[in-house]
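Visitor: Attaching a single structure in structure tokens format; questions to follow.
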Amino acid sequence: MNKLNIALLLAVVAAAIYLSVLPPATMRAMQGVFLSVMAPFLRTGSAVQEQIGSMGQGMKTIDELDAENRKLATENRELLATNTLLRDIEAENNRLRVAINYRERSVFKLLPARIIARDASTWWNTVRINCGFEDGVETDQPVLTEIGLVGKTITVSKNEAIVVLVTDETCRVAAKVEGSREQGILSGVRIQESGTSGELQLNFLTKNAALEPGQKVFTAGVSSGVFPSGILLGTVKEFRTRPLDGQALVEPAVDLTKVEDVFVVVGAK
């Protein structure tokens, strides 16, 4: 043991002996001074302990957090579904508003109808609408939207009618091309025995027609024809020269895979 340790030990022993012989009043006074000096530190420690205790009480268990997370996830899915529904309703309202405006501006007397059935085997050929002869529908009446021609009625019952689409090979329409004097017969493009491709072909054009992609094609409105003049049929995609005439491939104006609401032309205003 070195001298420093011996000195410290003697000092501690001496202090203990000194304190043991002090009068009780002096001991209490010294204890009061000690507590006064240590009080701030003791209060700080107590506050820290209380804060730690309150933090422990405020912390949630893993099970509680998991349950809350599942609840939030469910609410999030419900909000997403609601937003999707509201967007669909808004789109529906906008579409109907456009259709109503077109009906009011049209020179034709239009009967609104809705497509209620499609035959999977004749997707590009026919659809069924929810109007029939009781509503004033007859055979060979044009069916269209505010965008362009859809087809014509071919079979009519009391409250329903079958519409042959413009993309069907048997639906032939006299047509003219904007910005030119070209006229021809428009019909669907057959790709196999089971159906058509959804495209249109404009036949019997002149060989030197030189049509350009993007030119619009309209109904020509020939006398004694089913379709009045000026209804949009589609736009030119490609022009081909054949041995005897010219032919144009045409993209339909109306997306027949998505159309739902149509008008039947039942007369003139």
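Naming scheme: A, B, ... for chains in displayed order of the structure tokens; residues 1 onward per chain; ligands 1 onward as shown.
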Do a neighbour search on segment 141-157 of chain A at 6 Å with only C-alpha atoms, toss out local chain neighbours closer than 4 positions, and write the hits as a list in words.
Guide: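 So the residues in contact are Ala99, Tyr102, Gly132, Ala161, Ile162, Val163, Val164, Leu165, Val166, Ile231, Leu232, Leu233, Ala253, Val254, Val262, Phe263, Val264 and Val265 of chain A.
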Visitor: Within 10 Å of Ile116 of chain A, counting only C-alpha atoms, which residues show up once you throw out same-chain ones fewer than 5 positions away? Write them as a list in words, please.
Guide: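 Near Ile116 of chain A, the qualifying residues are Val127, Arg128, Ile129, Asn130, Cys131, Glu160, Glu260 and Asp261 of chain A.
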Visitor: Nearest to Lys207 of chain A: which of A:Pro112, A:Gly136, A:Gly267, A:Gly246 is it, counting only C-alpha atoms?
Guide: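 Selected residue with least distance to Lys207 of chain A: A:Gly246.
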Visitor: So what do you get for atom CA of Ala210 of chain A versus atom CA of Leu256 of chain A, distance-wise?
Guide: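 Taking atom CA of Ala210 of chain A as the start and atom CA of Leu256 of chain A as the end point, the length is 28.0 Å.
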Visitor: Output as a PyMOL selection string all residues of segment 230-268 of chain A that backbone DSSP marks as strand (DSSP E).
Guide: chain A and resi 232-241+246-252+261-268
Visitor: Determine which residues of segment 78-269 of chain A DSSP labels as helix (DSSP H, G or I) from the backbone of this structure, then write them out as number ranges by chain.
Guide: A: 78-105, 120-122, 133-135
Visitor: Give me a file of those residues, with N, CA and C atoms, as an mmCIF file, in the first residue's frame.
Guide:
data_model
loop_
_atom_site.group_PDB
_atom_site.id
_atom_site.type_symbol
_atom_site.label_atom_id
_atom_site.label_comp_id
_atom_site.auth_asym_id
_atom_site.auth_seq_id
_atom_site.Cartn_x
_atom_site.Cartn_y
_atom_site.Cartn_z
ATOM 1 N N GLU A 78 -60.907 1.650 -48.362
ATOM 2 C CA GLU A 78 -62.258 2.196 -48.522
ATOM 3 C C GLU A 78 -62.218 3.559 -49.212
ATOM 4 N N LEU A 79 -61.245 4.388 -48.842
ATOM 5 C CA LEU A 79 -61.115 5.700 -49.476
ATOM 6 C C LEU A 79 -60.757 5.573 -50.956
ATOM 7 N N LEU A 80 -59.856 4.638 -51.272
ATOM 8 C CA LEU A 80 -59.486 4.426 -52.670
ATOM 9 C C LEU A 80 -60.691 3.969 -53.488
ATOM 10 N N ALA A 81 -61.487 3.056 -52.922
ATOM 11 C CA ALA A 81 -62.675 2.578 -53.626
ATOM 12 C C ALA A 81 -63.681 3.713 -53.830
ATOM 13 N N THR A 82 -63.841 4.555 -52.818
ATOM 14 C CA THR A 82 -64.757 5.691 -52.932
ATOM 15 C C THR A 82 -64.289 6.666 -53.996
ATOM 16 N N ASN A 83 -62.989 6.953 -54.033
ATOM 17 C CA ASN A 83 -62.447 7.863 -55.047
ATOM 18 C C ASN A 83 -62.646 7.307 -56.448
ATOM 19 N N THR A 84 -62.429 6.004 -56.610
ATOM 20 C CA THR A 84 -62.628 5.388 -57.920
ATOM 21 C C THR A 84 -64.082 5.502 -58.355
ATOM 22 N N LEU A 85 -65.002 5.240 -57.420
ATOM 23 C CA LEU A 85 -66.432 5.342 -57.728
ATOM 24 C C LEU A 85 -66.798 6.769 -58.110
ATOM 25 N N LEU A 86 -66.270 7.748 -57.390
ATOM 26 C CA LEU A 86 -66.579 9.145 -57.693
ATOM 27 C C LEU A 86 -66.029 9.545 -59.060
ATOM 28 N N ARG A 87 -64.843 9.053 -59.406
ATOM 29 C CA ARG A 87 -64.286 9.351 -60.734
ATOM 30 C C ARG A 87 -65.144 8.737 -61.836
ATOM 31 N N ASP A 88 -65.624 7.505 -61.597
ATOM 32 C CA ASP A 88 -66.487 6.857 -62.591
ATOM 33 C C ASP A 88 -67.789 7.635 -62.760
ATOM 34 N N ILE A 89 -68.362 8.085 -61.639
ATOM 35 C CA ILE A 89 -69.604 8.852 -61.716
ATOM 36 C C ILE A 89 -69.384 10.174 -62.449
ATOM 37 N N GLU A 90 -68.256 10.815 -62.169
ATOM 38 C CA GLU A 90 -67.945 12.072 -62.842
ATOM 39 C C GLU A 90 -67.773 11.853 -64.342
ATOM 40 N N ALA A 91 -67.070 10.786 -64.720
ATOM 41 C CA ALA A 91 -66.888 10.484 -66.139
ATOM 42 C C ALA A 91 -68.224 10.195 -66.818
ATOM 43 N N GLU A 92 -69.084 9.446 -66.112
ATOM 44 C CA GLU A 92 -70.415 9.143 -66.643
ATOM 45 C C GLU A 92 -71.226 10.417 -66.844
ATOM 46 N N ASN A 93 -71.189 11.311 -65.876
ATOM 47 C CA ASN A 93 -71.920 12.575 -65.990
ATOM 48 C C ASN A 93 -71.400 13.418 -67.147
ATOM 49 N N ASN A 94 -70.082 13.477 -67.290
ATOM 50 C CA ASN A 94 -69.499 14.249 -68.391
ATOM 51 C C ASN A 94 -69.898 13.671 -69.744
ATOM 52 N N ARG A 95 -69.870 12.339 -69.831
ATOM 53 C CA ARG A 95 -70.231 11.686 -71.096
ATOM 54 C C ARG A 95 -71.698 11.939 -71.446
ATOM 55 N N LEU A 96 -72.577 11.823 -70.453
ATOM 56 C CA LEU A 96 -74.002 12.059 -70.693
ATOM 57 C C LEU A 96 -74.268 13.523 -71.034
ATOM 58 N N ARG A 97 -73.511 14.427 -70.417
ATOM 59 C CA ARG A 97 -73.681 15.850 -70.703
ATOM 60 C C ARG A 97 -73.330 16.155 -72.156
ATOM 61 N N VAL A 98 -72.228 15.551 -72.633
ATOM 62 C CA VAL A 98 -71.830 15.735 -74.028
ATOM 63 C C VAL A 98 -72.891 15.170 -74.961
ATOM 64 N N ALA A 99 -73.410 13.980 -74.628
ATOM 65 C CA ALA A 99 -74.429 13.347 -75.469
ATOM 66 C C ALA A 99 -75.698 14.196 -75.528
ATOM 67 N N ILE A 100 -76.117 14.746 -74.382
ATOM 68 C CA ILE A 100 -77.323 15.582 -74.357
ATOM 69 C C ILE A 100 -77.124 16.838 -75.194
ATOM 70 N N ASN A 101 -75.957 17.452 -75.085
ATOM 71 C CA ASN A 101 -75.667 18.640 -75.899
ATOM 72 C C ASN A 101 -75.703 18.311 -77.384
ATOM 73 N N TYR A 102 -75.153 17.163 -77.738
ATOM 74 C CA TYR A 102 -75.170 16.753 -79.146
ATOM 75 C C TYR A 102 -76.602 16.542 -79.624
ATOM 76 N N ARG A 103 -77.413 15.893 -78.791
ATOM 77 C CA ARG A 103 -78.805 15.643 -79.173
ATOM 78 C C ARG A 103 -79.554 16.955 -79.414
ATOM 79 N N GLU A 104 -79.286 17.950 -78.568
ATOM 80 C CA GLU A 104 -79.974 19.232 -78.723
ATOM 81 C C GLU A 104 -79.523 19.964 -79.987
ATOM 82 N N ARG A 105 -78.244 19.808 -80.347
ATOM 83 C CA ARG A 105 -77.713 20.519 -81.512
ATOM 84 C C ARG A 105 -77.949 19.780 -82.829
ATOM 85 N N ALA A 120 -70.204 -12.549 -77.907
ATOM 86 C CA ALA A 120 -68.745 -12.727 -77.929
ATOM 87 C C ALA A 120 -68.258 -13.262 -79.269
ATOM 88 N N SER A 121 -69.077 -14.052 -79.947
ATOM 89 C CA SER A 121 -68.663 -14.628 -81.223
ATOM 90 C C SER A 121 -68.793 -13.634 -82.374
ATOM 91 N N THR A 122 -69.518 -12.528 -82.153
ATOM 92 C CA THR A 122 -69.684 -11.516 -83.211
ATOM 93 C C THR A 122 -69.411 -10.124 -82.634
ATOM 94 N N PHE A 133 -89.726 -1.292 -81.401
ATOM 95 C CA PHE A 133 -90.750 -0.588 -82.172
ATOM 96 C C PHE A 133 -91.746 0.158 -81.291
ATOM 97 N N GLU A 134 -91.868 -0.263 -80.037
ATOM 98 C CA GLU A 134 -92.731 0.471 -79.118
ATOM 99 C C GLU A 134 -92.181 1.860 -78.828
ATOM 100 N N ASP A 135 -90.862 2.034 -79.004
ATOM 101 C CA ASP A 135 -90.214 3.338 -78.798
ATOM 102 C C ASP A 135 -90.073 4.125 -80.088
#
Visitor: Determine, counting only C-alpha atoms, which protein, DNA and RNA residues have an atom within 6 Å of an atom of Leu186 of chain A; residues of the same chain fewer than 2 positions away are not included. Present the result as a list of chain:residue names.
Guide: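 Listing them by chain and then by number gives A:Arg172, A:Val173, A:Gln201, A:Leu202.
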Visitor: How would the residues just picked look written out with C-alpha atoms as a PDB file, in the first residue's frame?
Guide:
ATOM      1  CA  ARG A 172     -71.920  -1.068 -96.454  1.00  0.00           C
ATOM      2  CA  VAL A 173     -71.895   2.704 -96.306  1.00  0.00           C
ATOM      3  CA  GLN A 201     -61.916  -0.433 -95.763  1.00  0.00           C
ATOM      4  CA  LEU A 202     -62.984   2.173 -98.273  1.00  0.00           C
TER       5      LEU A 202
END
Visitor: One number please: atom CA of Val236 of chain A to atom CA of Thr257 of chain A, in Å, one decimal.
Guide: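 Spanning atom CA of Val236 of chain A to atom CA of Thr257 of chain A is a straight-line distance of 19.5 Å.
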Visitor: May I ask for the distance between atom CA of Gly179 of chain A and atom CA of Leu244 of chain A, given in Å to one decimal place?
Guide: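 Interatomic distance, atom CA of Gly179 of chain A to atom CA of Leu244 of chain A: 22.7 Å.
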